[in-house]
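Data from query-v8.cif: mmCIF, C-alpha atoms
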```cif
data_final
#
loop_
_atom_site.group_PDB
_atom_site.id
_atom_site.type_symbol
_atom_site.label_atom_id
_atom_site.label_comp_id
_atom_site.auth_asym_id
_atom_site.auth_seq_id
_atom_site.Cartn_x
_atom_site.Cartn_y
_atom_site.Cartn_z
ATOM 1 C CA MET N 1 27.263 -31.093 -136.685
ATOM 2 C CA ALA N 2 30.280 -31.780 -134.678
ATOM 3 C CA GLY N 3 31.111 -34.977 -132.844
ATOM 4 C CA LYS N 4 29.035 -38.149 -132.818
ATOM 5 C CA PRO N 5 25.387 -38.017 -133.945
ATOM 6 C CA GLU N 6 22.793 -38.247 -131.154
ATOM 7 C CA LEU N 7 21.156 -41.319 -132.638
ATOM 8 C CA ALA N 8 24.143 -43.493 -132.174
ATOM 9 C CA ARG N 9 24.285 -42.969 -128.463
ATOM 10 C CA ARG N 10 23.521 -46.149 -126.652
ATOM 11 C CA ASN N 11 22.103 -46.529 -123.220
ATOM 12 C CA LYS N 12 23.799 -49.192 -121.254
ATOM 13 C CA SER N 13 20.878 -49.951 -118.946
ATOM 14 C CA ASN N 14 18.611 -52.774 -120.087
ATOM 15 C CA PRO N 15 15.224 -51.441 -121.225
ATOM 16 C CA GLU N 16 12.371 -53.676 -120.107
ATOM 17 C CA ILE N 17 8.706 -53.259 -119.369
ATOM 18 C CA PRO N 18 8.117 -54.197 -115.741
ATOM 19 C CA THR N 19 5.769 -57.175 -115.732
ATOM 20 C CA SER N 20 5.830 -58.019 -112.077
ATOM 21 C CA SER N 21 2.786 -55.853 -111.336
ATOM 22 C CA MET N 22 0.809 -57.174 -114.327
ATOM 23 C CA ALA N 23 -0.844 -59.840 -112.208
ATOM 24 C CA ASP N 24 -1.937 -57.234 -109.695
ATOM 25 C CA ILE N 25 -3.505 -55.110 -112.428
ATOM 26 C CA ALA N 26 -5.298 -58.122 -113.905
ATOM 27 C CA PHE N 27 -6.593 -59.264 -110.537
ATOM 28 C CA LEU N 28 -7.791 -55.781 -109.793
ATOM 29 C CA LEU N 29 -9.816 -55.829 -113.018
ATOM 30 C CA ILE N 30 -11.173 -59.288 -112.191
ATOM 31 C CA VAL N 31 -12.322 -58.127 -108.798
ATOM 32 C CA PHE N 32 -13.975 -55.133 -110.454
ATOM 33 C CA PHE N 33 -15.878 -57.369 -112.872
ATOM 34 C CA LEU N 34 -16.814 -59.830 -110.132
ATOM 35 C CA VAL N 35 -18.229 -57.055 -108.020
ATOM 36 C CA THR N 36 -20.115 -55.266 -110.776
ATOM 37 C CA THR N 37 -21.534 -58.346 -112.513
ATOM 38 C CA THR N 38 -25.116 -59.020 -111.548
ATOM 39 C CA MET N 39 -26.284 -62.449 -112.520
ATOM 40 C CA ASN N 40 -29.611 -60.953 -113.394
ATOM 41 C CA GLN N 41 -31.664 -63.873 -114.508
ATOM 42 C CA ASP N 42 -35.268 -63.346 -115.399
ATOM 43 C CA LYS N 43 -37.499 -65.054 -112.910
ATOM 44 C CA GLY N 44 -41.124 -65.074 -112.020
ATOM 45 C CA ILE N 45 -44.305 -67.098 -111.904
ATOM 46 C CA GLY N 46 -44.802 -68.897 -115.204
ATOM 47 C CA MET N 47 -48.283 -69.324 -116.655
ATOM 48 C CA GLN N 48 -49.681 -70.768 -119.834
ATOM 49 C CA LEU N 49 -52.631 -68.741 -121.064
ATOM 50 C CA PRO N 50 -55.596 -70.358 -122.793
ATOM 51 C CA PRO N 51 -56.023 -69.465 -126.481
ATOM 52 C CA ALA N 52 -58.308 -66.547 -127.299
ATOM 53 C CA GLY N 53 -61.988 -67.283 -127.669
ATOM 54 C CA GLU N 54 -61.783 -70.562 -125.858
ATOM 55 C CA ASN N 55 -64.595 -71.127 -123.431
ATOM 56 C CA LYS N 56 -64.755 -74.470 -121.780
ATOM 57 C CA LYS N 57 -67.785 -75.669 -119.960
ATOM 58 C CA ILE N 58 -66.731 -76.814 -116.542
ATOM 59 C CA GLN N 59 -68.868 -78.432 -113.933
ATOM 60 C CA LYS N 60 -69.553 -76.170 -111.060
ATOM 61 C CA LYS N 61 -68.292 -78.593 -108.444
ATOM 62 C CA ASN N 62 -64.868 -78.631 -110.087
ATOM 63 C CA ILE N 63 -64.358 -74.909 -109.770
ATOM 64 C CA CYS N 64 -62.997 -73.117 -106.778
ATOM 65 C CA ASN N 65 -63.492 -69.397 -107.133
ATOM 66 C CA VAL N 66 -60.970 -67.218 -105.389
ATOM 67 C CA TRP N 67 -61.913 -63.567 -105.371
ATOM 68 C CA VAL N 68 -59.631 -60.734 -104.423
ATOM 69 C CA ASN N 69 -61.122 -57.318 -103.855
ATOM 70 C CA ALA N 70 -59.489 -53.920 -104.149
ATOM 71 C CA ALA N 71 -58.383 -54.006 -100.527
ATOM 72 C CA GLY N 72 -56.725 -57.392 -100.996
ATOM 73 C CA ASP N 73 -59.292 -59.395 -99.012
ATOM 74 C CA ILE N 74 -59.760 -62.954 -100.237
ATOM 75 C CA LEU N 75 -63.093 -64.705 -100.609
ATOM 76 C CA ILE N 76 -63.432 -68.358 -101.564
ATOM 77 C CA ASN N 77 -66.602 -69.490 -103.368
ATOM 78 C CA LEU N 78 -68.412 -66.302 -102.355
ATOM 79 C CA GLU N 79 -68.929 -67.545 -98.845
ATOM 80 C CA GLN N 80 -65.775 -67.805 -96.864
ATOM 81 C CA GLU N 81 -63.300 -65.050 -96.177
ATOM 82 C CA VAL N 82 -59.805 -66.404 -95.785
ATOM 83 C CA PRO N 83 -56.682 -64.596 -94.629
ATOM 84 C CA LEU N 84 -53.709 -64.911 -96.977
ATOM 85 C CA SER N 85 -51.792 -67.040 -94.476
ATOM 86 C CA GLN N 86 -54.508 -69.719 -94.492
ATOM 87 C CA LEU N 87 -55.217 -69.680 -98.221
ATOM 88 C CA ARG N 88 -52.602 -72.307 -99.046
ATOM 89 C CA ALA N 89 -53.943 -74.793 -96.502
ATOM 90 C CA ASP N 90 -57.504 -74.159 -97.626
ATOM 91 C CA VAL N 91 -56.744 -74.716 -101.314
ATOM 92 C CA GLU N 92 -54.657 -77.791 -100.445
ATOM 93 C CA ARG N 93 -57.601 -79.245 -98.556
ATOM 94 C CA ARG N 94 -59.967 -78.592 -101.454
ATOM 95 C CA LEU N 95 -57.487 -80.142 -103.881
ATOM 96 C CA SER N 96 -57.203 -83.271 -101.774
ATOM 97 C CA GLU N 97 -60.997 -83.589 -101.810
ATOM 98 C CA ASN N 98 -61.240 -83.144 -105.568
ATOM 99 C CA ASP N 99 -58.242 -83.703 -107.815
ATOM 100 C CA LYS N 100 -60.028 -82.247 -110.853
ATOM 101 C CA LEU N 101 -60.361 -78.913 -109.142
ATOM 102 C CA ILE N 102 -59.709 -75.790 -111.179
ATOM 103 C CA VAL N 103 -58.807 -72.732 -109.198
ATOM 104 C CA SER N 104 -60.286 -69.640 -110.758
ATOM 105 C CA LEU N 105 -58.632 -66.461 -109.618
ATOM 106 C CA LYS N 106 -60.656 -63.328 -110.051
ATOM 107 C CA ALA N 107 -59.396 -59.967 -108.956
ATOM 108 C CA ASP N 108 -61.019 -56.569 -108.958
ATOM 109 C CA GLU N 109 -59.981 -53.898 -111.467
ATOM 110 C CA GLU N 110 -58.460 -51.856 -108.689
ATOM 111 C CA THR N 111 -56.744 -54.716 -106.895
ATOM 112 C CA PRO N 112 -53.071 -53.821 -106.533
ATOM 113 C CA TYR N 113 -50.841 -56.158 -108.536
ATOM 114 C CA ASN N 114 -48.994 -56.992 -105.336
ATOM 115 C CA ALA N 115 -52.112 -58.556 -103.768
ATOM 116 C CA PHE N 116 -52.811 -60.507 -106.952
ATOM 117 C CA ILE N 117 -49.299 -61.965 -107.040
ATOM 118 C CA ASP N 118 -49.445 -62.862 -103.338
ATOM 119 C CA VAL N 119 -52.634 -64.857 -103.922
ATOM 120 C CA LEU N 120 -51.344 -66.448 -107.145
ATOM 121 C CA ASP N 121 -48.163 -67.433 -105.339
ATOM 122 C CA GLU N 122 -50.109 -69.097 -102.512
ATOM 123 C CA ILE N 123 -52.266 -70.990 -105.012
ATOM 124 C CA LYS N 124 -49.163 -72.147 -106.874
ATOM 125 C CA LEU N 125 -47.553 -73.173 -103.588
ATOM 126 C CA SER N 126 -50.603 -75.250 -102.709
ATOM 127 C CA GLY N 127 -49.750 -77.427 -105.679
ATOM 128 C CA ALA N 128 -52.649 -76.452 -107.934
ATOM 129 C CA THR N 129 -51.726 -76.896 -111.569
ATOM 130 C CA ARG N 130 -54.990 -75.837 -113.157
ATOM 131 C CA ILE N 131 -55.310 -72.169 -112.506
ATOM 132 C CA SER N 132 -57.572 -69.891 -114.447
ATOM 133 C CA LEU N 133 -57.260 -66.126 -114.472
ATOM 134 C CA ALA N 134 -60.676 -64.568 -114.851
ATOM 135 C CA SER N 135 -60.858 -61.058 -116.207
ATOM 136 C CA PRO N 136 -62.342 -58.512 -113.827
ATOM 137 C CA GLU N 137 -65.912 -57.401 -114.237
ATOM 138 C CA LYS N 138 -66.448 -53.937 -115.580
ATOM 139 C CA MET C 1 14.078 -86.958 -82.462
ATOM 140 C CA ALA C 2 12.826 -83.596 -83.479
ATOM 141 C CA ASP C 3 12.501 -83.878 -87.191
ATOM 142 C CA PHE C 4 11.156 -80.413 -87.635
ATOM 143 C CA SER C 5 14.340 -78.718 -86.765
ATOM 144 C CA LYS C 6 15.913 -80.190 -89.882
ATOM 145 C CA LYS C 7 16.379 -77.586 -92.526
ATOM 146 C CA SER C 8 16.679 -78.322 -96.148
ATOM 147 C CA GLY C 9 18.954 -76.294 -98.229
ATOM 148 C CA VAL C 10 16.615 -76.330 -101.220
ATOM 149 C CA HIS C 11 15.274 -72.942 -102.126
ATOM 150 C CA THR C 12 11.489 -73.074 -102.470
ATOM 151 C CA SER C 13 9.329 -70.456 -104.148
ATOM 152 C CA ILE C 14 5.988 -70.419 -105.923
ATOM 153 C CA PRO C 15 6.451 -69.471 -109.555
ATOM 154 C CA THR C 16 4.604 -66.233 -110.146
ATOM 155 C CA GLY C 17 5.625 -65.621 -113.699
ATOM 156 C CA SER C 18 2.440 -67.051 -115.187
ATOM 157 C CA MET C 19 0.164 -65.418 -112.645
ATOM 158 C CA ALA C 20 -0.629 -62.591 -115.051
ATOM 159 C CA ASP C 21 -1.646 -65.067 -117.745
ATOM 160 C CA ILE C 22 -4.006 -66.861 -115.370
ATOM 161 C CA ALA C 23 -5.494 -63.597 -114.221
ATOM 162 C CA PHE C 24 -6.018 -62.347 -117.766
ATOM 163 C CA LEU C 25 -7.613 -65.635 -118.746
ATOM 164 C CA LEU C 26 -10.111 -65.284 -115.919
ATOM 165 C CA LEU C 27 -10.623 -61.650 -116.807
ATOM 166 C CA ILE C 28 -11.472 -62.491 -120.412
ATOM 167 C CA PHE C 29 -13.809 -65.260 -119.249
ATOM 168 C CA PHE C 30 -15.737 -62.824 -117.058
ATOM 169 C CA MET C 31 -15.840 -60.154 -119.737
ATOM 170 C CA VAL C 32 -17.231 -62.604 -122.289
ATOM 171 C CA THR C 33 -19.837 -64.174 -120.005
ATOM 172 C CA THR C 34 -21.112 -60.949 -118.460
ATOM 173 C CA VAL C 35 -24.579 -60.128 -119.745
ATOM 174 C CA PHE C 36 -25.746 -56.615 -119.263
ATOM 175 C CA VAL C 37 -29.335 -55.752 -118.495
ATOM 176 C CA ARG C 38 -30.959 -55.056 -121.834
ATOM 177 C CA TYR C 39 -33.944 -52.979 -120.938
ATOM 178 C CA ARG C 40 -34.730 -51.055 -117.876
ATOM 179 C CA VAL C 41 -37.715 -48.941 -117.026
ATOM 180 C CA THR C 42 -37.003 -46.942 -113.927
ATOM 181 C CA GLY C 43 -39.266 -46.783 -110.928
ATOM 182 C CA ILE C 44 -40.752 -50.256 -111.247
ATOM 183 C CA VAL C 45 -40.814 -52.221 -108.017
ATOM 184 C CA LEU C 46 -41.429 -55.909 -108.661
ATOM 185 C CA PRO C 47 -43.516 -57.899 -106.199
ATOM 186 C CA ARG C 48 -42.007 -60.751 -104.228
ATOM 187 C CA ALA C 49 -43.090 -64.376 -104.471
ATOM 188 C CA GLU C 50 -41.909 -67.750 -103.220
ATOM 189 C CA LYS C 51 -42.711 -70.070 -106.109
ATOM 190 C CA VAL C 52 -40.525 -68.471 -108.724
ATOM 191 C CA GLU C 53 -39.043 -70.170 -111.748
ATOM 192 C CA GLU C 54 -36.047 -68.963 -113.648
ATOM 193 C CA ILE C 55 -36.211 -68.528 -117.391
ATOM 194 C CA LYS C 56 -33.143 -70.192 -118.783
ATOM 195 C CA THR C 57 -33.254 -68.910 -122.324
ATOM 196 C CA ARG C 58 -32.962 -65.181 -122.580
ATOM 197 C CA ARG C 59 -33.362 -64.876 -126.299
ATOM 198 C CA HIS C 60 -37.031 -65.893 -126.353
ATOM 199 C CA ILE C 61 -38.015 -63.269 -123.824
ATOM 200 C CA SER C 62 -39.875 -60.071 -124.600
ATOM 201 C CA TYR C 63 -40.748 -57.621 -121.874
ATOM 202 C CA VAL C 64 -43.912 -55.759 -121.085
ATOM 203 C CA TRP C 65 -43.662 -53.266 -118.279
ATOM 204 C CA ILE C 66 -46.587 -51.760 -116.448
ATOM 205 C CA SER C 67 -45.819 -48.900 -114.133
ATOM 206 C CA ALA C 68 -47.719 -47.699 -111.088
ATOM 207 C CA ASP C 69 -49.020 -44.673 -113.018
ATOM 208 C CA ARG C 70 -50.782 -46.935 -115.562
ATOM 209 C CA LYS C 71 -48.282 -46.680 -118.384
ATOM 210 C CA VAL C 72 -47.464 -49.685 -120.544
ATOM 211 C CA TYR C 73 -44.026 -50.160 -122.060
ATOM 212 C CA ILE C 74 -42.980 -52.775 -124.588
ATOM 213 C CA ASP C 75 -39.269 -53.490 -124.083
ATOM 214 C CA ASP C 76 -38.520 -49.938 -123.033
ATOM 215 C CA LYS C 77 -40.754 -47.936 -125.342
ATOM 216 C CA ILE C 78 -44.034 -46.542 -124.193
ATOM 217 C CA ALA C 79 -47.095 -48.064 -125.893
ATOM 218 C CA GLN C 80 -50.864 -48.098 -125.791
ATOM 219 C CA VAL C 81 -52.677 -51.198 -124.574
ATOM 220 C CA ASN C 82 -54.255 -51.824 -127.990
ATOM 221 C CA GLN C 83 -50.794 -51.835 -129.620
ATOM 222 C CA VAL C 84 -49.770 -54.886 -127.604
ATOM 223 C CA ALA C 85 -51.635 -57.448 -129.727
ATOM 224 C CA PRO C 86 -50.271 -56.428 -133.179
ATOM 225 C CA ILE C 87 -46.694 -56.050 -131.908
ATOM 226 C CA PHE C 88 -46.700 -59.400 -130.143
ATOM 227 C CA TYR C 89 -48.461 -61.143 -133.006
ATOM 228 C CA GLU C 90 -45.545 -60.085 -135.218
ATOM 229 C CA ARG C 91 -43.005 -61.298 -132.664
ATOM 230 C CA ARG C 92 -44.828 -64.533 -132.102
ATOM 231 C CA VAL C 93 -44.733 -65.214 -135.873
ATOM 232 C CA GLN C 94 -40.988 -64.601 -135.888
ATOM 233 C CA ASN C 95 -40.352 -66.650 -132.766
ATOM 234 C CA PRO C 96 -42.929 -69.310 -131.890
ATOM 235 C CA ARG C 97 -41.185 -69.976 -128.576
ATOM 236 C CA LEU C 98 -41.730 -66.443 -127.374
ATOM 237 C CA ILE C 99 -42.039 -65.901 -123.640
ATOM 238 C CA VAL C 100 -43.534 -62.653 -122.450
ATOM 239 C CA SER C 101 -42.199 -61.433 -119.175
ATOM 240 C CA LEU C 102 -44.712 -59.151 -117.501
ATOM 241 C CA LYS C 103 -42.871 -56.748 -115.280
ATOM 242 C CA CYS C 104 -45.541 -54.929 -113.367
ATOM 243 C CA ASP C 105 -45.154 -52.585 -110.476
ATOM 244 C CA THR C 106 -46.582 -53.708 -107.152
ATOM 245 C CA ARG C 107 -49.042 -50.800 -107.183
ATOM 246 C CA ALA C 108 -50.262 -51.315 -110.769
ATOM 247 C CA PRO C 109 -54.014 -51.972 -110.926
ATOM 248 C CA TYR C 110 -54.955 -55.527 -111.874
ATOM 249 C CA GLY C 111 -57.493 -54.226 -114.417
ATOM 250 C CA LEU C 112 -54.694 -52.957 -116.650
ATOM 251 C CA VAL C 113 -52.665 -56.156 -116.227
ATOM 252 C CA SER C 114 -55.724 -58.151 -117.231
ATOM 253 C CA GLU C 115 -56.219 -55.999 -120.352
ATOM 254 C CA VAL C 116 -52.619 -56.677 -121.373
ATOM 255 C CA ILE C 117 -53.136 -60.411 -120.770
ATOM 256 C CA GLU C 118 -56.229 -60.313 -123.002
ATOM 257 C CA GLU C 119 -54.179 -58.579 -125.704
ATOM 258 C CA LEU C 120 -51.508 -61.269 -125.439
ATOM 259 C CA ARG C 121 -54.152 -63.954 -125.803
ATOM 260 C CA LYS C 122 -55.363 -62.243 -128.980
ATOM 261 C CA ALA C 123 -51.795 -62.247 -130.281
ATOM 262 C CA ASP C 124 -51.465 -65.936 -129.423
ATOM 263 C CA ALA C 125 -48.484 -65.170 -127.178
ATOM 264 C CA LEU C 126 -49.576 -67.588 -124.499
ATOM 265 C CA ARG C 127 -46.424 -68.194 -122.528
ATOM 266 C CA VAL C 128 -46.282 -65.489 -119.934
ATOM 267 C CA ASN C 129 -44.190 -65.010 -116.882
ATOM 268 C CA PHE C 130 -45.196 -62.701 -114.074
ATOM 269 C CA ALA C 131 -41.849 -61.271 -113.115
ATOM 270 C CA THR C 132 -41.206 -61.303 -109.389
ATOM 271 C CA ASP C 133 -38.288 -61.138 -107.060
ATOM 272 C CA ARG C 134 -37.557 -64.036 -104.803
ATOM 273 C CA GLU C 135 -38.992 -63.720 -101.336
ATOM 274 C CA ARG C 136 -36.338 -63.387 -98.675
#
```

Would you mind writing the file out in structure tokens?
Amino acid sequence: MAGKPELARRNKSNPEIPTSSMADIAFLLIVFFLVTTTMNQDKGIGMQLPPAGENKKIQKKNICNVWVNAAGDILINLEQEVPLSQLRADVERRLSENDKLIVSLKADEETPYNAFIDVLDEIKLSGATRISLASPEK
Amino acid sequence: MADFSKKSGVHTSIPTGSMADIAFLLLIFFMVTTVFVRYRVTGIVLPRAEKVEEIKTRRHISYVWISADRKVYIDDKIAQVNQVAPIFYERRVQNPRLIVSLKCDTRAPYGLVSEVIEELRKADALRVNFATDRER
């Protein structure tokens, strides 16, 4: 224990944390968050289902049956086969003739969901508000 | 005549001292507002549609997933079709504003989707949303 103790030794240079690059670090993190954030909002076609056990009697002339088979072919009122591209115009025309029209969408058990959504989308786009989803026949 | 050649002796510089504070403020804002995806079932390809609506309130949403190989998941747990009604009846009692988001694969058969819809009707969970991606 000779001479001055180590603790007492003082460094003359000014100790300081460098803050000049702090902004760069923060911006780097911001960019990371901006890039990785996915504004993943839930979206889809909204529907209001009828309550269980409710069966309304509807006049036949107010119903427009749209059938979709397993291959995705569309049949309106069991008589007219319509390609998907013309479905919107067809439903629009029927709606303009009868504003009480209810569109009943009936798909086969094996219809791919994709085909069902395509048809539902076209019916929605035609402006129909009363849409009924019939359960497939077994 | 030429005014531009005039030079001012004033030293100009943008103050960068508070840049870090601004950046951290933004950083905290993004960290707080970021919402992570809550549930994810892999291998589900959603169909595309044009007339899509966005659901603004996330907290009323429950998810039902139907995969291409005819499996049904509630949130992210596998379930049987006949379990859908009791589970959603319970949820509907707890939250009357429940929205069920049906996330079905494009190749899922409509028969199964229809069975799930019937179950939801039994459970009185009548607000459904067929999840789709926006058509591009």

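Atom pair atom CA of N:Asn55 / atom CA of N:Ala128: separated by 20.3 Å.
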
Task: Selection dump of the PyMOL selection byres ((chain N and resi 17-29) around 8), as a PyMOL selection string - done: (chain N and resi 15-16+30-33) or (chain C and resi 17+19-21+23-24+27)

Interface rows for chain N against chain C: nearest pair, Å to one decimal, 8 Å, all atoms listed in the file, as a tab-separated table:
```
residue	atom	partner	partner_atom	distance
N:Ser20	CA	C:Gly17	CA	7.8
N:Met22	CA	C:Ala20	CA	5.7
N:Ala23	CA	C:Ala20	CA	4.0
N:Asp24	CA	C:Ala20	CA	7.7
N:Ala26	CA	C:Ala23	CA	5.5
N:Phe27	CA	C:Ala23	CA	5.8
N:Leu29	CA	C:Leu27	CA	7.0
N:Ile30	CA	C:Leu27	CA	5.2
N:Phe33	CA	C:Phe30	CA	6.9
N:Leu34	CA	C:Phe30	CA	7.6
N:Thr37	CA	C:Thr34	CA	6.5
N:Met39	CA	C:Val35	CA	7.8
N:Asn40	CA	C:Val37	CA	7.3
N:Gln41	CA	C:Glu54	CA	6.8
N:Asp42	CA	C:Ile55	CA	5.6
N:Lys43	CA	C:Glu54	CA	4.2
N:Gly44	CA	C:Ala131	CA	4.0
N:Ile45	CA	C:Phe130	CA	5.0
N:Gly46	CA	C:Asn129	CA	4.3
N:Met47	CA	C:Val128	CA	5.4
N:Gln48	CA	C:Arg127	CA	4.9
N:Leu49	CA	C:Leu126	CA	4.7
N:Pro50	CA	C:Leu126	CA	6.8
N:Pro51	CA	C:Arg121	CA	5.9
N:Ala52	CA	C:Arg121	CA	5.1
N:Ala107	CA	C:Tyr110	CA	6.9
N:Asp108	CA	C:Tyr110	CA	6.8
N:Glu109	CA	C:Gly111	CA	3.9
N:Glu110	CA	C:Pro109	CA	5.0
N:Thr111	CA	C:Tyr110	CA	5.4
N:Pro112	CA	C:Pro109	CA	4.9
N:Tyr113	CA	C:Thr106	CA	5.1
N:Asn114	CA	C:Thr106	CA	4.5
N:Phe116	CA	C:Tyr110	CA	7.3
N:Ile117	CA	C:Pro47	CA	7.1
N:Asp118	CA	C:Ala49	CA	6.6
N:Asp121	CA	C:Ala49	CA	6.0
N:Lys124	CA	C:Lys51	CA	6.8
N:Leu125	CA	C:Lys51	CA	6.3
N:Ser135	CA	C:Ser114	CA	6.0
N:Pro136	CA	C:Gly111	CA	6.5
```

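Using only C-alpha atoms, the smallest distance between any of N:Ser85, N:Gln80, N:Thr36, N:Thr129 and N:Leu101 comes from N:Thr129.
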
TODO: Spell out the residues picked by the PyMOL selection byres ((chain C and resi 74-90) around 6) here, as a PyMOL selection string.
DONE: chain C and resi 39+63-64+72-73+91-93+119-120+123

TODO: Tell me which protein, DNA and RNA residues are within 10 Å of N:Val91, counting only C-alpha atoms, leaving out same-chain ones fewer than 5 positions away, and put them as a ChimeraX atom specification.
DONE: /N:64,66,76,86,96-97,101,103,122-128

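Of the residues listed (C:Val10, C:Val32, C:Ile44, C:Leu98), C:Ile44 shows the shortest atom-to-atom separation from C:Lys71; distances use only C-alpha atoms.
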
Where's the centre, and what are the edge lengths in Å to one decimal, of a box along x, y and z enclosing all listed atoms of stretch 63-80 of chain C padded 8 Å per side, as lines of an AutoDock Vina configuration file?
```
center_x = -44.7
center_y = -51.1
center_z = -118.5
size_x = 28.3
size_y = 28.9
size_z = 30.8
```

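The nearest approach to C:Arg40 among the residues C:Asn95, C:Arg70, C:Gly9, C:Trp65, with only C-alpha atoms taken into account, belongs to C:Trp65.
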
Open item on the list: For the provided coordinates, the residues matched by the PyMOL selection byres ((chain N and resi 133) around 7) should be stated as a ChimeraX atom specification.
Closed with: /N:104-106,131-132,134-135

Output file for the residues above (C-alpha atoms, as a PDB file, keeping the file's coordinate frame):
```pdb
ATOM      1  CA  SER N 104     -60.286 -69.640-110.758  1.00  0.00           C
ATOM      2  CA  LEU N 105     -58.632 -66.461-109.618  1.00  0.00           C
ATOM      3  CA  LYS N 106     -60.656 -63.328-110.051  1.00  0.00           C
ATOM      4  CA  ILE N 131     -55.310 -72.169-112.506  1.00  0.00           C
ATOM      5  CA  SER N 132     -57.572 -69.891-114.447  1.00  0.00           C
ATOM      6  CA  ALA N 134     -60.676 -64.568-114.851  1.00  0.00           C
ATOM      7  CA  SER N 135     -60.858 -61.058-116.207  1.00  0.00           C
TER       8      SER N 135
END
```

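Atom CA of N:Leu120 is positioned 13.2 Å from atom CA of N:Ile102.
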
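Atom CA of N:Arg88 is found 13.9 Å from atom CA of N:Asn65.
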